[in-house]
>>> print(open('coords.pdb').read())   # PDB, C-alpha atoms
ATOM      1  CA  MET A 150      -4.782 -30.077 -27.561
ATOM      2  CA  ALA A 151      -2.434 -28.339 -25.182
ATOM      3  CA  ARG A 152      -3.738 -25.084 -23.847
ATOM      4  CA  ASN A 153      -1.776 -21.868 -23.898
ATOM      5  CA  THR A 154      -2.336 -19.971 -20.649
ATOM      6  CA  LEU A 155      -0.951 -17.071 -18.697
ATOM      7  CA  GLU A 156       0.113 -19.235 -15.756
ATOM      8  CA  ALA A 157       2.256 -16.745 -13.839
ATOM      9  CA  TRP A 158       0.377 -15.518 -10.768
ATOM     10  CA  ILE A 159       0.548 -11.740 -10.553
ATOM     11  CA  PRO A 160       0.782 -10.335  -6.998
ATOM     12  CA  GLU A 161      -1.291  -7.272  -6.245
ATOM     13  CA  GLU A 162       0.635  -4.048  -5.711
ATOM     14  CA  TRP A 163       0.169  -2.391  -2.341
ATOM     15  CA  ASP A 164      -1.487   0.652  -3.896
ATOM     16  CA  SER A 165      -3.954  -1.347  -6.007
ATOM     17  CA  LYS A 166      -7.700  -0.964  -5.595
ATOM     18  CA  VAL A 167      -7.897  -4.592  -4.454
ATOM     19  CA  ILE A 168      -5.426  -4.072  -1.590
ATOM     20  CA  GLN A 169      -7.028  -0.774  -0.642
ATOM     21  CA  ARG A 170     -10.427  -2.431  -0.510
ATOM     22  CA  ILE A 171      -9.139  -5.355   1.561
ATOM     23  CA  ASN A 172      -7.530  -3.040   4.091
ATOM     24  CA  GLN A 173     -10.731  -0.981   4.313
ATOM     25  CA  VAL A 174     -12.878  -4.034   5.055
ATOM     26  CA  SER A 175     -10.526  -6.438   6.871
ATOM     27  CA  ALA A 176      -9.436  -5.553  10.382
ATOM     28  CA  VAL A 177      -7.185  -8.628  10.447
ATOM     29  CA  GLU A 178      -5.246  -7.635   7.315
ATOM     30  CA  SER A 179      -4.858  -4.014   8.383
ATOM     31  CA  LEU A 180      -4.045  -4.485  12.093
ATOM     32  CA  SER A 181      -2.210  -7.797  12.522
ATOM     33  CA  SER A 182       1.494  -8.348  13.040
ATOM     34  CA  ARG A 183       2.466  -9.758   9.650
ATOM     35  CA  THR A 184       4.778 -12.775   9.628
ATOM     36  CA  PRO A 185       6.344 -13.711   6.261
ATOM     37  CA  MET A 186       6.165 -17.444   5.563
ATOM     38  CA  ALA A 187       8.416 -19.312   3.123
ATOM     39  CA  THR A 188       6.623 -22.642   3.729
ATOM     40  CA  ASP A 189       3.104 -23.652   4.710
ATOM     41  CA  THR A 190       3.962 -23.918   8.426
ATOM     42  CA  ARG A 191       5.865 -21.619  10.752
ATOM     43  CA  HIS A 192       6.377 -21.731  14.516
ATOM     44  CA  VAL A 193       6.466 -18.372  16.274
ATOM     45  CA  PRO A 194       8.153 -18.339  19.718
ATOM     46  CA  ARG A 195       5.906 -17.287  22.601
ATOM     47  CA  SER A 196       7.406 -15.927  25.801
ATOM     48  CA  ALA A 197       5.653 -16.668  29.073
ATOM     49  CA  GLY A 198       7.123 -13.511  30.547
ATOM     50  CA  MET A 199       9.746 -13.231  33.263
ATOM     51  CA  GLY A 200       9.493 -12.593  36.969
ATOM     52  CA  VAL A 201      11.549 -10.246  39.115
ATOM     53  CA  ASP A 202      12.539 -10.438  42.781
ATOM     54  CA  VAL A 203      13.987  -8.146  45.399
ATOM     55  CA  VAL A 204      17.643  -9.141  45.861
ATOM     56  CA  ASP A 205      19.425  -8.196  49.075
ATOM     57  CA  LYS A 206      22.992  -6.998  49.028
ATOM     58  CA  GLY A 207      25.150 -10.063  48.532
ATOM     59  CA  GLY A 208      22.030 -12.179  48.033
ATOM     60  CA  THR A 209      21.502 -14.863  45.442
ATOM     61  CA  TYR A 210      19.537 -14.137  42.315
ATOM     62  CA  GLY A 211      16.519 -16.365  41.815
ATOM     63  CA  GLU A 212      16.216 -18.030  38.418
ATOM     64  CA  ASP A 213      13.106 -17.522  36.354
ATOM     65  CA  ALA A 214      10.994 -20.649  35.813
ATOM     66  CA  SER A 215       8.550 -19.305  33.202
ATOM     67  CA  LEU A 216       7.770 -21.897  30.538
ATOM     68  CA  ASN A 217       8.265 -20.610  26.998
ATOM     69  CA  ASP A 218       6.585 -22.302  24.044
ATOM     70  CA  GLU A 219       5.491 -21.462  20.500
ATOM     71  CA  VAL A 220       2.465 -20.703  18.359
ATOM     72  CA  ALA A 221       2.046 -22.558  15.070
ATOM     73  CA  LEU A 222       0.919 -20.796  11.890
ATOM     74  CA  SER A 223      -0.466 -23.065   9.150
ATOM     75  CA  VAL A 224      -1.218 -21.628   5.736
ATOM     76  CA  LYS A 225      -4.644 -21.989   4.154
ATOM     77  CA  LYS A 226      -5.698 -20.805   0.707
ATOM     78  CA  PHE A 227      -8.603 -18.458   0.033
ATOM     79  CA  GLY A 228      -9.586 -18.324  -3.619
ATOM     80  CA  LYS A 229     -12.250 -18.147  -6.264
ATOM     81  CA  ALA A 230     -12.489 -18.300 -10.049
ATOM     82  CA  VAL A 231     -14.838 -16.435 -12.365
ATOM     83  CA  ARG A 232     -15.590 -17.260 -16.005
ATOM     84  CA  LEU A 233     -15.714 -14.234 -18.288
ATOM     85  CA  ALA A 234     -16.954 -14.141 -21.874
ATOM     86  CA  GLU A 235     -14.585 -12.373 -24.267
ATOM     87  CA  GLU A 236     -17.455 -10.179 -25.412
ATOM     88  CA  ASP A 237     -17.932  -8.866 -21.863
ATOM     89  CA  ILE A 238     -14.231  -8.099 -21.582
ATOM     90  CA  ASP A 239     -13.909  -6.474 -25.011
ATOM     91  CA  ASP A 240     -17.233  -4.612 -25.243
ATOM     92  CA  SER A 241     -17.785  -3.397 -21.694
ATOM     93  CA  VAL A 242     -17.174   0.260 -20.920
ATOM     94  CA  ALA A 243     -16.262  -0.742 -17.354
ATOM     95  CA  ASN A 244     -13.146  -2.739 -16.596
ATOM     96  CA  VAL A 245     -14.780  -6.100 -15.896
ATOM     97  CA  ILE A 246     -11.593  -7.777 -14.698
ATOM     98  CA  ALA A 247     -10.717  -4.980 -12.268
ATOM     99  CA  THR A 248     -14.294  -4.894 -10.983
ATOM    100  CA  LYS A 249     -14.369  -8.642 -10.323
ATOM    101  CA  MET A 250     -11.003  -8.486  -8.576
ATOM    102  CA  THR A 251     -12.230  -5.709  -6.282
ATOM    103  CA  ASP A 252     -15.412  -7.677  -5.576
ATOM    104  CA  TRP A 253     -13.294 -10.684  -4.664
ATOM    105  CA  GLY A 254     -11.155  -8.518  -2.372
ATOM    106  CA  THR A 255     -14.243  -7.430  -0.428
ATOM    107  CA  SER A 256     -15.429 -11.009   0.067
ATOM    108  CA  TYR A 257     -11.936 -12.183   0.942
ATOM    109  CA  ALA A 258     -11.637  -9.515   3.623
ATOM    110  CA  LYS A 259     -14.898 -10.623   5.244
ATOM    111  CA  ILE A 260     -14.155 -14.357   5.184
ATOM    112  CA  LEU A 261     -10.654 -13.773   6.569
ATOM    113  CA  ASP A 262     -11.957 -11.730   9.516
ATOM    114  CA  ASN A 263     -14.678 -14.288  10.115
ATOM    115  CA  SER A 264     -12.143 -17.146  10.023
ATOM    116  CA  CYS A 265      -9.745 -15.443  12.422
ATOM    117  CA  LEU A 266     -12.196 -13.941  14.892
ATOM    118  CA  ALA A 267     -15.673 -15.429  14.958
ATOM    119  CA  VAL A 268     -15.877 -19.057  13.777
ATOM    120  CA  THR A 269     -17.139 -21.148  16.678
ATOM    121  CA  ALA A 270     -15.823 -24.587  15.633
ATOM    122  CA  ALA A 271     -12.422 -26.254  15.825
ATOM    123  CA  PRO A 272     -10.139 -26.247  12.752
ATOM    124  CA  GLY A 273     -11.257 -28.776  10.168
ATOM    125  CA  THR A 274     -13.386 -28.884   7.053
ATOM    126  CA  GLY A 275     -14.466 -25.330   6.281
ATOM    127  CA  VAL A 276     -12.585 -23.989   9.319
ATOM    128  CA  PRO A 277      -9.045 -22.904   8.409
ATOM    129  CA  PHE A 278      -7.756 -21.583  11.740
ATOM    130  CA  THR A 279      -8.239 -21.584  15.494
ATOM    131  CA  SER A 280     -10.325 -18.430  15.677
ATOM    132  CA  LEU A 281     -10.207 -16.055  18.618
ATOM    133  CA  TYR A 282     -13.721 -17.189  19.582
ATOM    134  CA  TYR A 283     -12.799 -20.866  19.598
ATOM    135  CA  LEU A 284      -9.538 -20.152  21.433
ATOM    136  CA  LEU A 285     -11.432 -18.373  24.205
ATOM    137  CA  SER A 286     -14.032 -21.142  24.431
ATOM    138  CA  GLN A 287     -11.448 -23.829  25.298
ATOM    139  CA  THR A 288      -9.549 -24.562  28.517
ATOM    140  CA  ASP A 289      -5.758 -24.393  28.295
ATOM    141  CA  ALA A 290      -4.339 -25.682  31.575
ATOM    142  CA  THR A 291      -0.768 -24.995  30.458
ATOM    143  CA  LEU A 292      -1.541 -21.309  30.044
ATOM    144  CA  GLY A 293      -3.822 -21.193  33.081
ATOM    145  CA  TYR A 294      -6.897 -20.247  31.056
ATOM    146  CA  THR A 295     -10.400 -21.612  31.734
ATOM    147  CA  ALA A 296     -12.905 -22.065  28.915
ATOM    148  CA  ASN A 297     -15.222 -19.083  28.262
ATOM    149  CA  SER A 298     -13.618 -16.944  30.980
ATOM    150  CA  ASN A 299     -13.142 -14.109  28.483
ATOM    151  CA  ILE A 300     -16.408 -14.515  26.559
ATOM    152  CA  THR A 301     -19.317 -12.322  27.669
ATOM    153  CA  VAL A 302     -22.708 -13.073  26.124
ATOM    154  CA  ALA A 303     -25.294 -10.283  26.149
ATOM    155  CA  ALA A 304     -28.428 -11.406  27.967
ATOM    156  CA  THR A 305     -30.539  -9.672  25.323
ATOM    157  CA  ALA A 306     -29.374 -10.326  21.768
ATOM    158  CA  GLY A 307     -28.629  -7.097  19.943
ATOM    159  CA  ASN A 308     -28.867  -4.937  23.048
ATOM    160  CA  ALA A 309     -25.801  -5.325  25.275
ATOM    161  CA  THR A 310     -25.756  -3.291  28.464
ATOM    162  CA  TYR A 311     -23.151  -0.945  29.880
ATOM    163  CA  LEU A 312     -22.121  -3.621  32.381
ATOM    164  CA  GLU A 313     -21.674  -6.215  29.633
ATOM    165  CA  TYR A 314     -19.442  -3.925  27.557
ATOM    166  CA  SER A 315     -17.446  -3.075  30.679
ATOM    167  CA  THR A 316     -17.139  -6.730  31.693
ATOM    168  CA  ALA A 317     -15.834  -7.729  28.250
ATOM    169  CA  LEU A 318     -13.091  -5.104  28.273
ATOM    170  CA  GLY A 319     -12.416  -5.737  31.956
ATOM    171  CA  SER A 320     -11.613  -9.384  31.191
ATOM    172  CA  VAL A 321      -8.520  -8.155  29.376
ATOM    173  CA  GLU A 322      -7.732  -5.226  31.657
ATOM    174  CA  SER A 323      -7.614  -7.404  34.766
ATOM    175  CA  GLY A 324      -5.069  -9.863  33.345
ATOM    176  CA  ASP A 325      -1.286  -9.860  33.130
ATOM    177  CA  TYR A 326      -1.387  -9.403  29.359
ATOM    178  CA  PHE A 327      -3.150  -6.038  29.196
ATOM    179  CA  ASP A 328      -1.281  -3.425  27.160
ATOM    180  CA  PRO A 329      -3.240  -0.200  26.535
ATOM    181  CA  SER A 330      -0.820   0.866  23.805
ATOM    182  CA  THR A 331      -1.738  -2.074  21.540
ATOM    183  CA  THR A 332      -5.318  -2.848  22.616
ATOM    184  CA  VAL A 333      -8.057  -2.327  20.017
ATOM    185  CA  ALA A 334     -11.669  -3.363  19.564
ATOM    186  CA  ILE A 335     -12.927  -5.100  16.425
ATOM    187  CA  ALA A 336     -16.693  -5.189  16.079
ATOM    188  CA  HIS A 337     -19.486  -5.765  13.608
ATOM    189  CA  PRO A 338     -21.005  -2.438  12.446
ATOM    190  CA  SER A 339     -24.411  -3.419  13.874
ATOM    191  CA  PHE A 340     -23.012  -2.465  17.286
ATOM    192  CA  ARG A 341     -23.022   1.192  16.239
ATOM    193  CA  LYS A 342     -26.807   1.430  16.480
ATOM    194  CA  TYR A 343     -26.962   0.041  20.002
ATOM    195  CA  LEU A 344     -23.857   1.764  21.323
ATOM    196  CA  ARG A 345     -25.309   5.204  20.645
ATOM    197  CA  GLY A 346     -27.798   4.687  23.453
ATOM    198  CA  VAL A 347     -25.401   3.297  26.094
ATOM    199  CA  THR A 348     -24.194   5.716  28.784
ATOM    200  CA  ASP A 349     -22.238   5.431  31.990
ATOM    201  CA  THR A 350     -23.515   6.296  35.480
ATOM    202  CA  THR A 351     -22.992  10.011  34.820
ATOM    203  CA  GLY A 352     -24.925   9.953  31.556
ATOM    204  CA  GLU A 353     -21.843  10.160  29.351
ATOM    205  CA  PRO A 354     -21.873   7.936  26.234
ATOM    206  CA  ILE A 355     -19.293   5.151  26.214
ATOM    207  CA  PHE A 356     -19.204   5.256  22.401
ATOM    208  CA  VAL A 357     -17.523   8.251  20.800
ATOM    209  CA  GLN A 358     -17.861   8.549  17.038
ATOM    210  CA  GLY A 359     -14.720   9.930  15.475
ATOM    211  CA  LEU A 360     -14.884  13.057  13.359
ATOM    212  CA  ALA A 361     -12.682  14.253  10.495
ATOM    213  CA  GLY A 362     -10.755  11.016  10.271
ATOM    214  CA  THR A 363     -10.341  10.356  13.999
ATOM    215  CA  PRO A 364     -11.236   6.810  15.097
ATOM    216  CA  ASP A 365     -14.397   5.670  16.846
ATOM    217  CA  THR A 366     -13.743   4.643  20.461
ATOM    218  CA  ILE A 367     -15.340   2.759  23.341
ATOM    219  CA  PHE A 368     -13.995   3.393  26.854
ATOM    220  CA  GLY A 369     -11.099   5.139  25.085
ATOM    221  CA  VAL A 370     -10.227   2.071  22.991
ATOM    222  CA  GLN A 371     -10.177   2.461  19.205
ATOM    223  CA  ILE A 372     -12.875   0.499  17.373
ATOM    224  CA  HIS A 373     -12.301  -1.047  13.948
ATOM    225  CA  TRP A 374     -15.414  -2.250  12.150
ATOM    226  CA  SER A 375     -15.577  -5.613  10.381
ATOM    227  CA  LEU A 376     -18.430  -7.207   8.438
ATOM    228  CA  GLY A 377     -16.891 -10.593   9.193
ATOM    229  CA  ALA A 378     -17.363 -10.186  12.941
ATOM    230  CA  ARG A 379     -20.427 -12.395  13.278
ATOM    231  CA  THR A 380     -20.383 -15.918  14.659
ATOM    232  CA  SER A 381     -20.651 -18.832  12.245
ATOM    233  CA  ALA A 382     -20.043 -22.575  12.361
ATOM    234  CA  THR A 383     -17.672 -22.464   9.382
ATOM    235  CA  ALA A 384     -15.751 -19.736   7.599
ATOM    236  CA  THR A 385     -17.918 -17.570   5.371
ATOM    237  CA  SER A 386     -17.935 -14.157   3.713
ATOM    238  CA  ALA A 387     -21.595 -13.725   4.714
ATOM    239  CA  PRO A 388     -21.914 -14.762   8.387
ATOM    240  CA  THR A 389     -25.392 -14.576   9.904
ATOM    241  CA  GLY A 390     -24.786 -15.363  13.580
ATOM    242  CA  ARG A 391     -24.699 -12.957  16.507
ATOM    243  CA  PRO A 392     -22.345  -9.995  16.110
ATOM    244  CA  ILE A 393     -19.229  -9.854  18.241
ATOM    245  CA  MET A 394     -17.001  -7.145  19.636
ATOM    246  CA  ALA A 395     -13.488  -8.411  20.298
ATOM    247  CA  PHE A 396     -10.947  -6.669  22.511
ATOM    248  CA  LEU A 397      -7.459  -7.778  21.571
ATOM    249  CA  ARG A 398      -3.856  -6.736  21.164
ATOM    250  CA  THR A 399      -2.514  -6.044  17.696
ATOM    251  CA  ASP A 400       0.894  -7.516  18.575
ATOM    252  CA  MET A 401      -0.831 -10.782  19.540
ATOM    253  CA  MET A 402      -2.638 -10.961  16.188
ATOM    254  CA  LEU A 403      -0.253 -13.102  14.147
ATOM    255  CA  LEU A 404      -1.006 -13.148  10.416
ATOM    256  CA  GLY A 405       1.166 -15.474   8.376
ATOM    257  CA  VAL A 406       1.692 -14.159   4.844
ATOM    258  CA  ARG A 407       2.642 -16.830   2.313
ATOM    259  CA  SER A 408       1.472 -15.212  -0.930
ATOM    260  CA  GLY A 409      -1.099 -12.893  -2.439
ATOM    261  CA  PRO A 410      -3.516 -11.453  -2.914
ATOM    262  CA  GLU A 411      -2.697 -12.410  -6.472
ATOM    263  CA  SER A 412      -4.455 -13.289  -9.709
ATOM    264  CA  VAL A 413      -4.000 -15.170 -12.975
ATOM    265  CA  LEU A 414      -5.985 -14.870 -16.190
ATOM    266  CA  ILE A 415      -6.324 -18.052 -18.219
ATOM    267  CA  ASP A 416      -6.909 -16.888 -21.774
ATOM    268  CA  GLY A 417      -9.967 -18.281 -23.545
ATOM    269  CA  ARG A 418      -8.437 -18.090 -27.010
ATOM    270  CA  ASP A 419      -6.629 -21.428 -26.776
ATOM    271  CA  GLY A 420      -7.346 -25.026 -25.855
ATOM    272  CA  LEU A 421     -10.834 -26.199 -24.934
ATOM    273  CA  SER A 422     -11.828 -22.684 -23.859
ATOM    274  CA  ALA A 423     -11.501 -21.570 -27.465
ATOM    275  CA  LEU A 424     -14.780 -23.359 -28.176
ATOM    276  CA  THR A 425     -16.636 -21.024 -25.799
ATOM    277  CA  ASP A 426     -14.657 -17.780 -26.050
ATOM    278  CA  GLU A 427     -14.471 -17.670 -22.264
ATOM    279  CA  SER A 428     -11.493 -16.717 -20.122
ATOM    280  CA  ILE A 429     -11.083 -17.695 -16.469
ATOM    281  CA  LEU A 430      -9.894 -15.230 -13.849
ATOM    282  CA  LYS A 431      -8.530 -16.899 -10.706
ATOM    283  CA  MET A 432      -7.781 -15.013  -7.500
ATOM    284  CA  ARG A 433      -6.192 -16.289  -4.309
ATOM    285  CA  SER A 434      -4.420 -15.400  -1.097
ATOM    286  CA  ARG A 435      -2.556 -17.762   1.227
ATOM    287  CA  ARG A 436      -2.618 -16.860   4.905
ATOM    288  CA  GLY A 437      -1.954 -18.326   8.329
ATOM    289  CA  TRP A 438      -3.392 -17.064  11.617
ATOM    290  CA  ALA A 439      -2.988 -17.460  15.361
ATOM    291  CA  TYR A 440      -3.705 -15.349  18.426
ATOM    292  CA  GLY A 441      -0.825 -15.200  20.854
ATOM    293  CA  HIS A 442      -2.512 -15.846  24.210
ATOM    294  CA  PRO A 443      -6.150 -16.319  25.334
ATOM    295  CA  ALA A 444      -5.707 -14.084  28.382
ATOM    296  CA  ALA A 445      -4.820 -11.209  26.053
ATOM    297  CA  GLY A 446      -8.201 -11.160  24.330
ATOM    298  CA  SER A 447     -11.907 -11.114  25.072
ATOM    299  CA  ILE A 448     -15.190 -11.187  23.188
ATOM    300  CA  LEU A 449     -18.615  -9.685  23.760
ATOM    301  CA  VAL A 450     -21.341 -11.563  21.897
ATOM    302  CA  GLY A 451     -23.966  -8.946  21.124
TER     303      GLY A 451
END
>>> encode(input="coords.pdb", output="structure tokens")
Amino acid sequence: MARNTLEAWIPEEWDSKVIQRINQVSAVESLSSRTPMATDTRHVPRSAGMGVDVVDKGGTYGEDASLNDEVALSVKKFGKAVRLAEEDIDDSVANVIATKMTDWGTSYAKILDNSCLAVTAAPGTGVPFTSLYYLLSQTDATLGYTANSNITVAATAGNATYLEYSTALGSVESGDYFDPSTTVAIAHPSFRKYLRGVTDTTGEPIFVQGLAGTPDTIFGVQIHWSLGARTSATATSAPTGRPIMAFLRTDMMLLGVRSGPESVLIDGRDGLSALTDESILKMRSRRGWAYGHPAAGSILVG
């Protein structure tokens, strides 16, 4: 028997509770440079910069030899389905569908941040993108980057020192790609506990907790907190590895947006589902990710 379903995926509005929740939890969704994608792959041009010389009067202009290339964004799908009994939908005082969608949005935000920032393995099964961590752990001779140059690992897990925080930020500050106007920190909230006790040589705290809506900062850099900022071997919404603090540029965070977040409710009143009185709520989002240049980012493993 043919089933009668509501097959049209419904995109979430930008003022929905799902979107609000995602933007509260996901630093990647809220901070990245969003790149619309009409297909599952898009190549974003990357400029290698341009030099400048002193030219004497009547002298010949030198020609720039910087090698320009591109960054590839490949779309991956994040989704989940939940089976709901009609009785729960009809009899519940709470809006079960809205609640489940918001719950999904929270988990999606965490797995997206984890995928983009903290997964330690190369893209493959369970690993959708080249994460910032993996990018920084690999040598790229073309770009002049040496593996792990911009990864600082705290000698004592869970208790990074002033020097280690300073070294991590300094890895970005000392390079040609430092831009204070777009530099932010993204960190797991567990750093808050340890940062409160870290001071500089004059006894001043390096961590300033924002008040009345002002942002938290470290060394004057805004901190955005992410529950996905823990290392893991594959992408997960519940990572359990060591927490990370990433220093990176928002204009180098390239988030490909193909579709979603969106949902579809498959009605349980028709087809085989009619035998169980169960509807299926499916939710998904299709995203691509890349970080523009390894020298423009760094990570402190706490």
>>> atom_distance(input="coords.pdb", atom1="atom CA of A:Lys431", atom2="atom CA of A:Val413")
5.4 Å
>>> closest_residue(input="coords.pdb", among="A:Lys229, A:Arg183, A:Arg398, A:Arg391", to="A:Ser412", atoms="all atoms listed in the file")
A:Lys229
>>> atom_distance(input="coords.pdb", atom1="atom CA of A:Phe340", atom2="atom CA of A:Ile393")
8.4 Å
>>> residues_around(input="coords.pdb", residues="stretch 166-177 of chain A", least_positions_apart="2", cutoff="10 Å", atoms="only C-alpha atoms", output="ChimeraX atom specification")
/A:161-164,179-183,247-266,334-336,372-378,399,402-404,409-411,438
>>> closest_residue(input="coords.pdb", among="A:Thr305, A:Ser223, A:Asn244, A:Thr348", to="A:Pro277", atoms="all atoms listed in the file")
A:Ser223
>>> resolve_selection(input="coords.pdb", expression="the PyMOL selection byres ((chain A and resi 330) around 10)", output="list in words")
Phe327, Asp328, Pro329, Thr331, Thr332, Val333, Val370, Arg398 and Thr399 of chain A
>>> residues_near_point(input="coords.pdb", point="(-10.2, -28.3, 17.1)", cutoff="10 Å", atoms="only C-alpha atoms", output="JSON, numbers by chain")
{"A": [269, 270, 271, 272, 273, 276, 278, 279, 280, 283, 284, 287]}
>>> write_last_selection(input="coords.pdb", atoms="C-alpha atoms", output="PDB file, in the coordinates of the input")
ATOM      1  CA  THR A 269     -17.139 -21.148  16.678  1.00  0.00           C
ATOM      2  CA  ALA A 270     -15.823 -24.587  15.633  1.00  0.00           C
ATOM      3  CA  ALA A 271     -12.422 -26.254  15.825  1.00  0.00           C
ATOM      4  CA  PRO A 272     -10.139 -26.247  12.752  1.00  0.00           C
ATOM      5  CA  GLY A 273     -11.257 -28.776  10.168  1.00  0.00           C
ATOM      6  CA  VAL A 276     -12.585 -23.989   9.319  1.00  0.00           C
ATOM      7  CA  PHE A 278      -7.756 -21.583  11.740  1.00  0.00           C
ATOM      8  CA  THR A 279      -8.239 -21.584  15.494  1.00  0.00           C
ATOM      9  CA  SER A 280     -10.325 -18.430  15.677  1.00  0.00           C
ATOM     10  CA  TYR A 283     -12.799 -20.866  19.598  1.00  0.00           C
ATOM     11  CA  LEU A 284      -9.538 -20.152  21.433  1.00  0.00           C
ATOM     12  CA  GLN A 287     -11.448 -23.829  25.298  1.00  0.00           C
TER      13      GLN A 287
END
>>> residues_around(input="coords.pdb", residues="A:Tyr314", least_positions_apart="6", cutoff="10 Å", atoms="all atoms listed in the file", output="NGL selection string")
:A and (301-303 or 344 or 347 or 355 or 367-368 or 394 or 448-451)
>>> closest_residue(input="coords.pdb", among="A:Ala290, A:Ala395, A:Ala306, A:Ala382", to="A:His337", atoms="only C-alpha atoms")
A:Ala395
